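Here is model-v6.txt, consisting of compact mmCIF, C-alpha atoms (C1' of nucleotides):
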# COMPACT_ATOMS: atom_id res chain seq x y z
CA MET A 259 87.89 112.70 132.44
CA LYS A 260 91.23 114.40 133.00
CA VAL A 261 93.04 111.95 130.74
CA PHE A 262 90.58 112.44 127.89
CA TRP A 263 90.53 116.16 128.59
CA GLU A 264 94.28 116.54 128.22
CA LYS A 265 94.99 114.05 125.47
CA GLY A 266 91.82 113.87 123.42
CA TYR A 267 89.95 110.72 122.52
CA GLU A 268 92.32 109.08 120.06
CA ALA A 269 95.54 110.04 121.78
CA ALA A 270 94.34 108.77 125.16
CA SER A 271 95.46 105.16 125.10
CA LEU A 272 93.99 102.45 127.25
CA PRO A 273 97.11 102.30 129.45
CA ASP A 274 96.82 106.07 129.91
CA LEU A 275 93.25 105.65 131.08
CA LEU A 276 94.05 102.68 133.31
CA LEU A 277 96.84 104.64 134.97
CA GLY A 278 94.58 107.62 135.47
CA MET A 279 91.76 105.52 136.86
CA GLY A 280 93.99 103.34 138.99
CA LEU A 281 92.77 100.02 137.72
CA THR A 282 93.77 97.28 135.35
CA ARG A 283 92.27 96.08 132.15
CA GLY A 284 90.17 93.39 133.80
CA SER A 285 88.35 95.78 136.11
CA PHE A 286 88.08 98.40 133.39
CA TYR A 287 86.19 96.15 131.02
CA LYS A 288 84.14 94.74 133.87
CA ALA A 289 82.96 98.23 134.78
CA PHE A 290 82.61 99.74 131.30
CA LYS A 291 81.62 98.57 127.87
CA ASP A 292 84.51 100.09 125.99
CA LYS A 293 86.71 103.14 125.63
CA ARG A 294 84.03 105.13 123.88
CA SER A 295 81.47 104.66 126.64
CA VAL A 296 84.00 105.92 129.18
CA TYR A 297 84.57 108.96 127.00
CA LEU A 298 80.86 109.62 126.90
CA ALA A 299 80.64 109.24 130.67
CA ALA A 300 83.56 111.65 131.04
CA LEU A 301 81.85 114.17 128.78
CA ARG A 302 78.61 113.95 130.74
CA PHE A 303 80.58 114.32 133.95
CA TYR A 304 82.26 117.42 132.54
CA GLY A 305 78.86 118.84 131.75
CA ASP A 306 77.56 118.07 135.23
CA GLN A 307 80.59 119.42 137.06
CA VAL A 308 82.64 121.96 135.12
CA VAL A 309 79.97 123.45 132.90
CA SER A 310 77.38 123.47 135.66
CA ALA A 311 79.80 125.40 137.85
CA ALA A 312 80.12 128.05 135.14
CA ILE A 313 76.36 128.18 134.73
CA ARG A 314 75.93 128.63 138.47
CA VAL A 315 77.97 131.81 138.17
CA LEU A 316 75.50 133.06 135.56
CA GLU A 317 72.55 132.15 137.76
CA ALA A 318 73.87 133.27 141.12
CA ASP A 319 71.65 135.75 142.91
CA LYS A 320 74.49 137.55 144.67
CA PRO A 321 75.14 140.07 141.91
CA ALA A 322 71.64 141.17 141.10
CA SER A 323 72.45 142.35 137.61
CA GLY A 324 72.82 139.84 134.79
CA TYR A 325 75.55 141.97 133.36
CA GLU A 326 77.60 141.61 136.52
CA ARG A 327 77.12 137.85 136.56
CA ILE A 328 78.27 137.55 132.95
CA LYS A 329 81.19 139.82 133.74
CA ARG A 330 82.17 137.52 136.60
CA LEU A 331 82.18 134.47 134.39
CA PHE A 332 84.43 136.15 131.84
CA ALA A 333 86.60 137.50 134.64
CA SER A 334 87.10 133.97 135.91
CA GLN A 335 88.37 132.97 132.49
CA ILE A 336 90.81 135.86 132.44
CA ALA A 337 92.00 134.92 135.91
CA LEU A 338 92.53 131.39 134.65
CA MET A 339 95.12 132.70 132.21
CA ARG A 340 97.50 133.29 135.10
CA THR A 341 97.36 129.67 136.26
CA PRO A 342 99.05 126.55 134.90
CA ASP A 343 95.59 125.25 133.93
CA ALA A 344 95.34 127.88 131.21
CA ARG A 345 96.46 125.49 128.51
CA ARG A 346 94.23 122.64 129.52
CA GLY A 347 91.53 124.23 127.46
CA CYS A 348 87.92 123.19 127.30
CA PHE A 349 86.93 119.55 127.16
CA LEU A 350 83.58 120.43 125.64
CA CYS A 351 85.23 122.32 122.78
CA LYS A 352 87.53 119.42 122.06
CA ALA A 353 84.60 117.02 122.02
CA ALA A 354 82.63 119.40 119.80
CA VAL A 355 85.45 119.76 117.32
CA ASP A 356 86.86 116.29 116.97
CA ARG A 357 84.28 113.79 118.20
CA ALA A 358 80.84 115.27 117.54
CA PRO A 359 81.10 114.99 113.75
CA HIS A 360 81.90 111.29 113.96
CA ASP A 361 79.61 110.12 116.74
CA PRO A 362 75.89 111.01 116.90
CA GLU A 363 75.60 110.29 120.61
CA ILE A 364 78.52 112.57 121.42
CA GLU A 365 77.01 115.18 119.13
CA ARG A 366 73.71 115.02 121.00
CA THR A 367 75.47 115.34 124.32
CA VAL A 368 77.62 118.24 123.15
CA LEU A 369 74.64 120.09 121.71
CA MET A 370 72.68 119.55 124.90
CA ILE A 371 75.46 121.03 127.02
CA ILE A 372 75.96 123.93 124.63
CA GLY A 373 72.23 124.54 124.76
CA ARG A 374 72.42 124.85 128.53
CA ILE A 375 75.21 127.38 128.18
CA GLU A 376 73.27 129.40 125.62
CA GLU A 377 70.17 129.42 127.77
CA ALA A 378 72.07 130.46 130.89
CA PHE A 379 73.72 133.34 129.05
CA GLY A 380 70.37 134.34 127.66
CA ARG A 381 68.70 134.31 131.07
CA ALA A 382 71.41 136.50 132.50
CA ALA A 383 71.27 138.88 129.54
CA ILE A 384 67.51 139.20 129.59
CA ALA A 385 67.37 139.52 133.38
CA ASP A 386 68.32 143.19 133.09
CA LEU A 387 65.56 144.01 130.62
CA PRO A 388 62.11 145.30 131.47
CA GLY A 389 59.91 142.89 129.47
CA LYS A 390 61.49 139.66 130.63
CA GLN A 391 58.26 137.98 131.68
CA LEU A 392 57.54 136.87 128.09
CA ALA A 393 60.67 134.83 127.58
CA ASN A 394 60.66 131.03 127.46
CA ALA A 395 63.63 128.66 127.32
CA ARG A 396 63.81 128.92 123.56
CA ALA A 397 63.90 132.69 123.63
CA PHE A 398 66.59 132.57 126.30
CA ARG A 399 68.71 130.31 124.16
CA LYS A 400 68.35 132.57 121.18
CA ALA A 401 69.35 135.60 123.20
CA GLY A 402 72.33 133.78 124.66
CA VAL A 403 73.74 132.42 121.39
CA PRO A 404 76.11 135.31 120.60
CA LEU A 405 77.45 135.36 124.15
CA ALA A 406 77.92 131.61 124.16
CA ALA A 407 79.73 131.82 120.82
CA ALA A 408 82.07 134.47 122.19
CA TYR A 409 82.62 132.32 125.25
CA ILE A 410 83.41 129.27 123.15
CA GLY A 411 85.65 131.29 120.86
CA LEU A 412 87.47 132.43 123.97
CA GLN A 413 87.96 128.83 125.04
CA VAL A 414 89.40 127.89 121.67
CA LEU A 415 91.82 130.81 121.63
CA ARG A 416 92.88 130.03 125.17
CA ASN A 417 93.51 126.49 124.08
CA ALA A 418 95.45 127.63 121.06
CA GLY A 419 97.78 129.70 123.20
CA SER A 420 96.51 133.22 122.63
CA SER A 421 97.69 135.93 125.00
CA ALA A 422 95.87 137.04 128.12
CA GLU A 423 95.29 140.38 126.40
CA THR A 424 93.45 138.65 123.58
CA ILE A 425 91.29 136.74 126.03
CA ALA A 426 90.54 139.97 127.87
CA GLY A 427 89.67 141.61 124.57
CA ILE A 428 87.05 138.99 123.83
CA ALA A 429 85.53 139.45 127.27
CA GLN A 430 85.51 143.20 126.86
CA GLY A 431 83.87 142.94 123.45
CA ALA A 432 81.16 140.62 124.75
CA LEU A 433 80.40 142.89 127.69
CA GLU A 434 80.32 146.01 125.53
CA SER A 435 77.86 144.43 123.16
CA LEU A 436 75.69 143.69 126.17
CA LEU A 437 75.64 147.30 127.25
CA THR A 438 74.67 148.65 123.86
CA ARG A 439 72.23 145.99 122.79
CA PRO A 440 69.37 145.94 125.29
CA LYS A 441 66.93 147.68 123.00
CA ALA A 442 67.76 145.38 120.12
CA ILE A 443 67.07 142.31 122.26
CA ALA A 444 63.88 143.73 123.73
CA SER A 445 62.45 144.62 120.35
CA ARG A 446 62.70 141.08 118.95
CA MET B 905 94.96 118.45 103.78
CA LYS B 906 91.50 117.04 103.24
CA VAL B 907 92.37 113.81 105.01
CA PHE B 908 93.75 115.61 108.06
CA TRP B 909 90.86 118.06 107.89
CA GLU B 910 88.23 115.38 108.05
CA LYS B 911 89.85 112.88 110.38
CA GLY B 912 92.15 114.92 112.58
CA TYR B 913 95.80 114.26 113.20
CA GLU B 914 95.70 111.06 115.22
CA ALA B 915 92.80 109.42 113.44
CA ALA B 916 94.32 110.01 110.01
CA SER B 917 96.38 106.89 109.48
CA LEU B 918 99.28 106.62 107.08
CA PRO B 919 97.27 104.43 104.68
CA ASP B 920 94.53 107.08 104.74
CA LEU B 921 97.05 109.72 103.77
CA LEU B 922 98.69 107.57 101.12
CA LEU B 923 95.30 106.88 99.57
CA GLY B 924 94.40 110.55 99.64
CA MET B 925 97.71 111.63 98.16
CA GLY B 926 97.85 108.85 95.62
CA LEU B 927 101.26 107.53 96.53
CA THR B 928 102.85 104.69 98.39
CA ARG B 929 104.97 104.60 101.49
CA GLY B 930 108.26 104.76 99.60
CA SER B 931 107.46 107.98 97.81
CA PHE B 932 105.78 109.45 100.85
CA TYR B 933 108.85 109.15 103.04
CA LYS B 934 111.09 110.30 100.22
CA ALA B 935 109.06 113.48 99.83
CA PHE B 936 108.33 114.21 103.49
CA LYS B 937 110.09 113.75 106.76
CA ASP B 938 107.20 112.22 108.62
CA LYS B 939 103.48 112.40 109.27
CA ARG B 940 103.79 115.45 111.45
CA SER B 941 105.60 117.51 108.83
CA VAL B 942 102.86 116.72 106.33
CA TYR B 943 100.31 117.89 108.85
CA LEU B 944 102.18 121.13 109.30
CA ALA B 945 102.37 121.60 105.54
CA ALA B 946 98.63 120.92 105.31
CA LEU B 947 97.94 123.49 108.01
CA ARG B 948 100.06 126.11 106.25
CA PHE B 949 98.31 125.28 103.01
CA TYR B 950 94.95 125.75 104.71
CA GLY B 951 96.12 129.15 105.90
CA ASP B 952 97.30 130.12 102.44
CA GLN B 953 94.21 128.91 100.64
CA VAL B 954 91.07 128.68 102.76
CA VAL B 955 91.79 131.35 105.34
CA SER B 956 93.24 133.72 102.78
CA ALA B 957 90.09 133.38 100.74
CA ALA B 958 88.04 134.44 103.75
CA ILE B 959 90.37 137.34 104.42
CA ARG B 960 90.06 138.48 100.82
CA VAL B 961 86.33 138.88 101.43
CA LEU B 962 87.13 141.19 104.33
CA GLU B 963 89.59 143.18 102.24
CA ALA B 964 87.66 143.33 98.99
CA ASP B 965 87.05 146.85 97.73
CA LYS B 966 83.76 146.06 96.06
CA PRO B 967 81.58 146.76 99.08
CA ALA B 968 83.04 150.01 100.26
CA SER B 969 81.84 149.65 103.82
CA GLY B 970 83.73 147.40 106.21
CA TYR B 971 80.43 146.43 107.76
CA GLU B 972 79.18 145.09 104.44
CA ARG B 973 82.35 143.09 103.91
CA ILE B 974 82.09 141.52 107.37
CA LYS B 975 78.43 140.83 106.70
CA ARG B 976 79.38 139.04 103.50
CA LEU B 977 81.85 136.80 105.27
CA PHE B 978 79.29 135.79 107.86
CA ALA B 979 76.68 135.37 105.15
CA SER B 980 78.99 132.94 103.36
CA GLN B 981 79.17 130.86 106.53
CA ILE B 982 75.39 130.82 106.81
CA ALA B 983 75.12 129.79 103.19
CA LEU B 984 77.56 126.99 103.89
CA MET B 985 75.04 125.50 106.31
CA ARG B 986 72.89 124.45 103.39
CA THR B 987 75.66 122.43 101.76
CA PRO B 988 77.07 118.99 102.55
CA ASP B 989 80.35 120.67 103.57
CA ALA B 990 78.67 122.15 106.62
CA ARG B 991 79.95 119.43 108.90
CA ARG B 992 83.51 119.45 107.64
CA GLY B 993 84.16 122.24 110.08
CA CYS B 994 87.26 124.32 110.32
CA PHE B 995 90.69 122.76 110.02
CA LEU B 996 92.25 125.67 111.86
CA CYS B 997 89.93 125.20 114.83
CA LYS B 998 90.72 121.53 115.00
CA ALA B 999 94.44 122.25 114.90
CA ALA B 1000 94.03 124.93 117.55
CA VAL B 1001 92.10 122.65 119.85
CA ASP B 1002 93.87 119.35 119.64
CA ARG B 1003 97.36 119.92 118.25
CA ALA B 1004 98.47 123.40 119.33
CA PRO B 1005 98.76 122.49 123.02
CA HIS B 1006 101.06 119.56 122.25
CA ASP B 1007 103.26 120.98 119.49
CA PRO B 1008 104.94 124.39 119.69
CA GLU B 1009 105.45 124.68 115.94
CA ILE B 1010 101.78 124.01 115.28
CA GLU B 1011 100.90 126.47 118.00
CA ARG B 1012 103.01 129.16 116.36
CA THR B 1013 101.43 128.48 112.99
CA VAL B 1014 97.91 128.51 114.41
CA LEU B 1015 98.51 131.75 116.29
CA MET B 1016 99.97 133.34 113.18
CA ILE B 1017 96.92 132.45 111.11
CA ILE B 1018 94.54 133.56 113.85
CA GLY B 1019 96.46 136.82 114.04
CA ARG B 1020 95.86 137.39 110.34
CA ILE B 1021 92.15 136.79 110.87
CA GLU B 1022 92.01 139.19 113.80
CA GLU B 1023 93.83 141.88 111.89
CA ALA B 1024 91.63 141.52 108.83
CA PHE B 1025 88.48 141.81 110.93
CA GLY B 1026 89.96 144.82 112.66
CA ARG B 1027 90.83 146.55 109.39
CA ALA B 1028 87.32 146.05 108.11
CA ALA B 1029 85.77 147.23 111.38
CA ILE B 1030 87.93 150.32 111.59
CA ALA B 1031 87.54 151.16 107.92
CA ASP B 1032 84.15 152.70 108.67
CA LEU B 1033 85.44 154.96 111.42
CA PRO B 1034 86.59 158.55 111.02
CA GLY B 1035 89.98 158.43 112.81
CA LYS B 1036 91.38 155.39 111.06
CA GLN B 1037 94.68 156.94 110.06
CA LEU B 1038 96.19 156.25 113.49
CA ALA B 1039 95.78 152.51 113.46
CA ASN B 1040 98.71 150.12 113.05
CA ALA B 1041 98.64 146.34 112.65
CA ARG B 1042 98.57 145.83 116.41
CA ALA B 1043 95.61 148.15 116.83
CA PHE B 1044 93.81 146.38 114.00
CA ARG B 1045 94.34 143.05 115.67
CA LYS B 1046 93.03 144.34 118.94
CA ALA B 1047 89.93 145.76 117.30
CA GLY B 1048 89.33 142.53 115.43
CA VAL B 1049 89.67 140.16 118.37
CA PRO B 1050 86.00 140.06 119.40
CA LEU B 1051 84.87 139.56 115.81
CA ALA B 1052 87.43 136.83 115.25
CA ALA B 1053 86.34 135.13 118.46
CA ALA B 1054 82.72 135.19 117.33
CA TYR B 1055 83.81 133.84 113.95
CA ILE B 1056 85.78 131.02 115.56
CA GLY B 1057 82.95 130.27 117.96
CA LEU B 1058 80.70 130.03 114.93
CA GLN B 1059 83.07 127.53 113.33
CA VAL B 1060 83.08 125.37 116.44
CA LEU B 1061 79.30 125.35 116.74
CA ARG B 1062 78.98 124.55 113.06
CA ASN B 1063 81.36 121.68 113.59
CA ALA B 1064 79.43 120.48 116.61
CA GLY B 1065 76.21 120.31 114.63
CA SER B 1066 74.37 123.42 115.77
CA SER B 1067 71.40 124.55 113.74
CA ALA B 1068 71.54 127.08 110.93
CA GLU B 1069 69.46 129.41 113.13
CA THR B 1070 72.14 129.32 115.80
CA ILE B 1071 74.82 130.11 113.25
CA ALA B 1072 72.72 132.97 111.92
CA GLY B 1073 72.22 134.20 115.47
CA ILE B 1074 75.96 134.46 116.00
CA ALA B 1075 76.37 136.39 112.78
CA GLN B 1076 73.53 138.71 113.70
CA GLY B 1077 75.02 139.33 117.13
CA ALA B 1078 78.44 140.11 115.70
CA LEU B 1079 76.99 142.54 113.17
CA GLU B 1080 74.79 144.26 115.74
CA SER B 1081 77.74 144.81 118.02
CA LEU B 1082 79.52 146.42 115.07
CA LEU B 1083 76.69 148.89 114.52
CA THR B 1084 76.50 149.98 118.13
CA ARG B 1085 80.17 150.00 119.00
CA PRO B 1086 81.86 152.55 116.70
CA LYS B 1087 82.20 155.19 119.36
CA ALA B 1088 83.63 152.71 121.83
CA ILE B 1089 86.30 151.63 119.35
CA ALA B 1090 87.13 155.18 118.34
CA SER B 1091 87.62 156.31 121.90
CA ARG B 1092 90.27 153.73 122.70
C1' DA C 861 83.77 78.69 158.65
C1' DT C 862 81.78 78.05 154.32
C1' DC C 863 80.46 79.13 150.04
C1' DA C 864 78.91 82.11 146.24
C1' DT C 865 80.02 86.15 144.00
C1' DT C 866 82.69 89.64 142.40
C1' DA C 867 86.85 92.12 141.50
C1' DG C 868 91.79 91.92 140.05
C1' DG C 869 95.74 90.81 137.36
C1' DA C 870 98.39 89.14 133.69
C1' DA C 871 99.00 86.67 129.57
C1' DC C 872 97.26 86.85 125.17
C1' DC C 873 94.97 88.25 120.72
C1' DA C 874 94.64 89.95 116.00
C1' DA C 875 94.95 94.13 113.79
C1' DG C 876 96.96 98.32 113.02
C1' DT C 877 100.69 101.99 114.09
C1' DG C 878 104.43 105.05 111.99
C1' DG C 879 108.69 104.27 109.91
C1' DT C 880 112.72 101.75 107.31
C1' DA C 881 115.26 98.90 103.89
C1' DC C 882 115.89 97.54 99.61
C1' DA C 883 115.12 95.83 95.10
C1' DA C 884 112.70 96.70 90.91
C1' DA C 885 111.19 99.92 87.68
C1' DA C 886 111.04 104.26 85.37
C1' DC C 887 113.56 107.95 83.78
C1' DA C 888 117.29 111.00 82.22
C1' DA C 889 121.53 112.03 79.76
C1' DC C 890 124.56 111.01 76.33
C1' DG D 582 121.25 101.57 73.60
C1' DT D 583 123.62 101.90 77.65
C1' DT D 584 124.50 103.89 81.55
C1' DG D 585 123.68 106.42 86.23
C1' DT D 586 120.10 108.38 88.96
C1' DT D 587 115.78 108.92 90.90
C1' DT D 588 111.31 107.35 91.84
C1' DT D 589 108.16 103.70 93.21
C1' DG D 590 106.35 99.55 95.31
C1' DT D 591 106.68 95.99 98.76
C1' DA D 592 108.08 93.36 102.40
C1' DC D 593 109.26 94.08 106.84
C1' DC D 594 110.25 96.16 111.39
C1' DA D 595 109.30 96.71 116.38
C1' DC D 596 105.71 98.48 118.83
C1' DT D 597 101.13 99.82 120.24
C1' DT D 598 96.22 99.63 119.69
C1' DG D 599 91.56 98.28 121.94
C1' DG D 600 89.61 94.22 123.60
C1' DT D 601 89.15 89.14 125.54
C1' DT D 602 90.12 85.22 128.43
C1' DC D 603 90.74 82.96 132.42
C1' DC D 604 92.49 82.00 136.72
C1' DT D 605 93.42 83.70 141.30
C1' DA D 606 92.42 86.62 145.21
C1' DA D 607 89.49 89.19 147.89
C1' DT D 608 84.96 89.98 149.64
C1' DG D 609 80.29 89.36 151.51
C1' DA D 610 76.41 86.84 153.40
C1' DT D 611 74.81 83.23 156.16

So that I can check it, write out the structure of this file as structure tokens.
Amino acid sequence: MKVFWEKGYEAASLPDLLLGMGLTRGSFYKAFKDKRSVYLAALRFYGDQVVSAAIRVLEADKPASGYERIKRLFASQIALMRTPDARRGCFLCKAAVDRAPHDPEIERTVLMIIGRIEEAFGRAAIADLPGKQLANARAFRKAGVPLAAAYIGLQVLRNAGSSAETIAGIAQGALESLLTRPKAIASR
Amino acid sequence: MKVFWEKGYEAASLPDLLLGMGLTRGSFYKAFKDKRSVYLAALRFYGDQVVSAAIRVLEADKPASGYERIKRLFASQIALMRTPDARRGCFLCKAAVDRAPHDPEIERTVLMIIGRIEEAFGRAAIADLPGKQLANARAFRKAGVPLAAAYIGLQVLRNAGSSAETIAGIAQGALESLLTRPKAIASR
DNA sequence: ATCATTAGGAACCAAGTGGTACAAAACAAC
DNA sequence: GTTGTTTTGTACCACTTGGTTCCTAATGAT
């Protein structure tokens, strides 16, 4: 996963992968069908590990308010800007941008993971509202779409090398929109 | 540009480029230094043509209100979802995600173009406010960052294959935040 | 200890990579 | 029409690509 994450699908050569996995060609092709299937496995693994960790922040019960949970997730991204990992970017975004259009199975996987992100944002956003008992998964996703888009935009800008101030500005904008929008969401 | 746009840097082979440009290796290497320099030229061209066209929408004087101009830009992206070009995605996003981290010159170019987008969004957003005379380019950029992030997030999701409803949801969220945020911006 | 099974390693494959060298062809000037 | 120059096409380069083969080495069960 790390090799694909850093280099991208095309640029990650088989020797790169073998080195990263600590095995030789023989074992590699005994264990996996081909390069693409390893990429897919890596993407699923990313969804199960990295994305799920982010979603857990949105679903934690420690900060009761959804707003606070969303704020924490964005804060973690701002904190990331001060680490060497800042430029590693987001594997999901890379897959979405350069593999999804060319590979239906990767597209399905990417959309599934993005859907989970949207729904988690939506749950957190709606948690603070009075009439939350009506919402189903689809409604959650819809409510979470703008937040997820801001989050993904943040990832892309982080990847591109934008400043920490820019990243913080995105987070601030997303949180402000949360504070001023509750009635708009509730009235849908 | 189209070849790099569709295939990405690595996946666009020299024969692909030669075919797209209508020349052979000899002429190609007489006219350009190497593949990378052509990519950079394509990226700059994208900034000068495609991105500038989007920015012109934000700066047009036909709809007097900045809100209306921003709405038009998002509306154009929603309209795009009904065309075959929907999946072509955004060349700038692809460059930002998979080339910027590995090539400082591409990073600089990407950040410059993104900066223009941020500033244009900021100008349009601030145009509707009373105290706009104080703003300089830096303040415009700062004000435009959340909108630009939403816009870029939209591009990524469009690229990934998200539904037209999702794209519309992002646009709606960005526009709503504009309507409810004027005081917050003005008080900065 | 024996034997069946599996994993490991290296040589090998054809095809494709970006890039160069150079001769032929087109063009310009006069 | 004859030059000198530039453009174009092609053969070629060394190297890398993802993937296969096949034999040896390690492992596990009985």

Q: Return the neighbours of chain B among the residues of chain A, cut-off 8 Å, counting only C-alpha atoms, as a VMD selection string.
A: chain A and resid 265 to 266 268 to 269 345 to 347 351 to 352 354 to 356 358 to 359 365 368 to 369 400 403 to 404 407 to 412 414 to 415 417 to 420 424 427 to 429 431 to 432 434 to 435 438 to 439

Q) Neighbours of DT588 in chain D within 10 Å (all atoms listed in the file; same-chain residues fewer than 6 positions away dropped), as number ranges by chain? A) B: 930-931, 934; C: 885-887

Q. Within 12 Å of DC593 in chain D, counting all atoms listed in the file, which residues qualify if same-chain residues fewer than 6 places away don't, as JSON, numbers by chain?
A. {"C": [879, 880, 881, 882]}

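CA of Tyr933 in chain B is positioned 14.0 Å from C1' of DT591 in chain D.
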
Q | Contacts of Tyr304 in chain A within 12 Å, all atoms listed in the file, excl. fewer than 3 positions in-chain, as a PyMOL selection string | A | chain A and resi 259-260+262-263+297-301+307-312+348-353+367-368+371

Q.
Can you pull out the residues contacting DA874 in chain C? Cut-off 12 Å, using only C-alpha atoms (C1' of nucleotides), and skip same-chain residues under 5 positions away; I want them as number ranges by chain.
A. D: 598-601

Selection from above, C-alpha atoms (C1' of nucleotides), as an mmCIF file, in the coordinates of the input, can you write it?
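So result_23.cif came out as:
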data_model
loop_
_atom_site.group_PDB
_atom_site.id
_atom_site.type_symbol
_atom_site.label_atom_id
_atom_site.label_comp_id
_atom_site.auth_asym_id
_atom_site.auth_seq_id
_atom_site.Cartn_x
_atom_site.Cartn_y
_atom_site.Cartn_z
ATOM 1 C "C1'" DT D 598 96.220 99.630 119.690
ATOM 2 C "C1'" DG D 599 91.560 98.280 121.940
ATOM 3 C "C1'" DG D 600 89.610 94.220 123.600
ATOM 4 C "C1'" DT D 601 89.150 89.140 125.540
#

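The gap separating CA of Arg374 in chain A from CA of Gly305 in chain A is 9.4 Å, in Å to one decimal.
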
Q: Tell me the residues of chain A close to chain D, meaning within 12 Å using only C-alpha atoms (C1' of nucleotides), as number ranges by chain.
A: A: 268-273, 275, 283-284, 286-288, 290-294

Residues from last step as file, C-alpha atoms, as a PDB file, in the coordinates of the input:
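Result file follows (again-v6.pdb):
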ATOM      1  CA  GLU A 268      92.320 109.080 120.060  1.00  0.00           C
ATOM      2  CA  ALA A 269      95.540 110.040 121.780  1.00  0.00           C
ATOM      3  CA  ALA A 270      94.340 108.770 125.160  1.00  0.00           C
ATOM      4  CA  SER A 271      95.460 105.160 125.100  1.00  0.00           C
ATOM      5  CA  LEU A 272      93.990 102.450 127.250  1.00  0.00           C
ATOM      6  CA  PRO A 273      97.110 102.300 129.450  1.00  0.00           C
ATOM      7  CA  LEU A 275      93.250 105.650 131.080  1.00  0.00           C
ATOM      8  CA  ARG A 283      92.270  96.080 132.150  1.00  0.00           C
ATOM      9  CA  GLY A 284      90.170  93.390 133.800  1.00  0.00           C
ATOM     10  CA  PHE A 286      88.080  98.400 133.390  1.00  0.00           C
ATOM     11  CA  TYR A 287      86.190  96.150 131.020  1.00  0.00           C
ATOM     12  CA  LYS A 288      84.140  94.740 133.870  1.00  0.00           C
ATOM     13  CA  PHE A 290      82.610  99.740 131.300  1.00  0.00           C
ATOM     14  CA  LYS A 291      81.620  98.570 127.870  1.00  0.00           C
ATOM     15  CA  ASP A 292      84.510 100.090 125.990  1.00  0.00           C
ATOM     16  CA  LYS A 293      86.710 103.140 125.630  1.00  0.00           C
ATOM     17  CA  ARG A 294      84.030 105.130 123.880  1.00  0.00           C
TER      18      ARG A 294
END

Counting only C-alpha atoms (C1' of nucleotides), what are the residues of chain C within 9 Å of chain A, and for each of them which pair of atoms is the nearest and at what distance in Å, to one decimal? Sort the table by chain and rising number, as JSON lines.
{"residue": "C:DA867", "atom": "C1'", "partner": "A:Ser285", "partner_atom": "CA", "distance": 6.7}
{"residue": "C:DG868", "atom": "C1'", "partner": "A:Ser285", "partner_atom": "CA", "distance": 6.5}
{"residue": "C:DG869", "atom": "C1'", "partner": "A:Thr282", "partner_atom": "CA", "distance": 7.1}

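CA of Ile1021 in chain B lies 14.9 Å from CA of Arg976 in chain B.
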
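Taking all atoms listed in the file into account, Ala968 in chain B lies nearest to B:Ala1029 out of the set B:Ala1029, B:Met985, B:Ala1024, B:Ala990.
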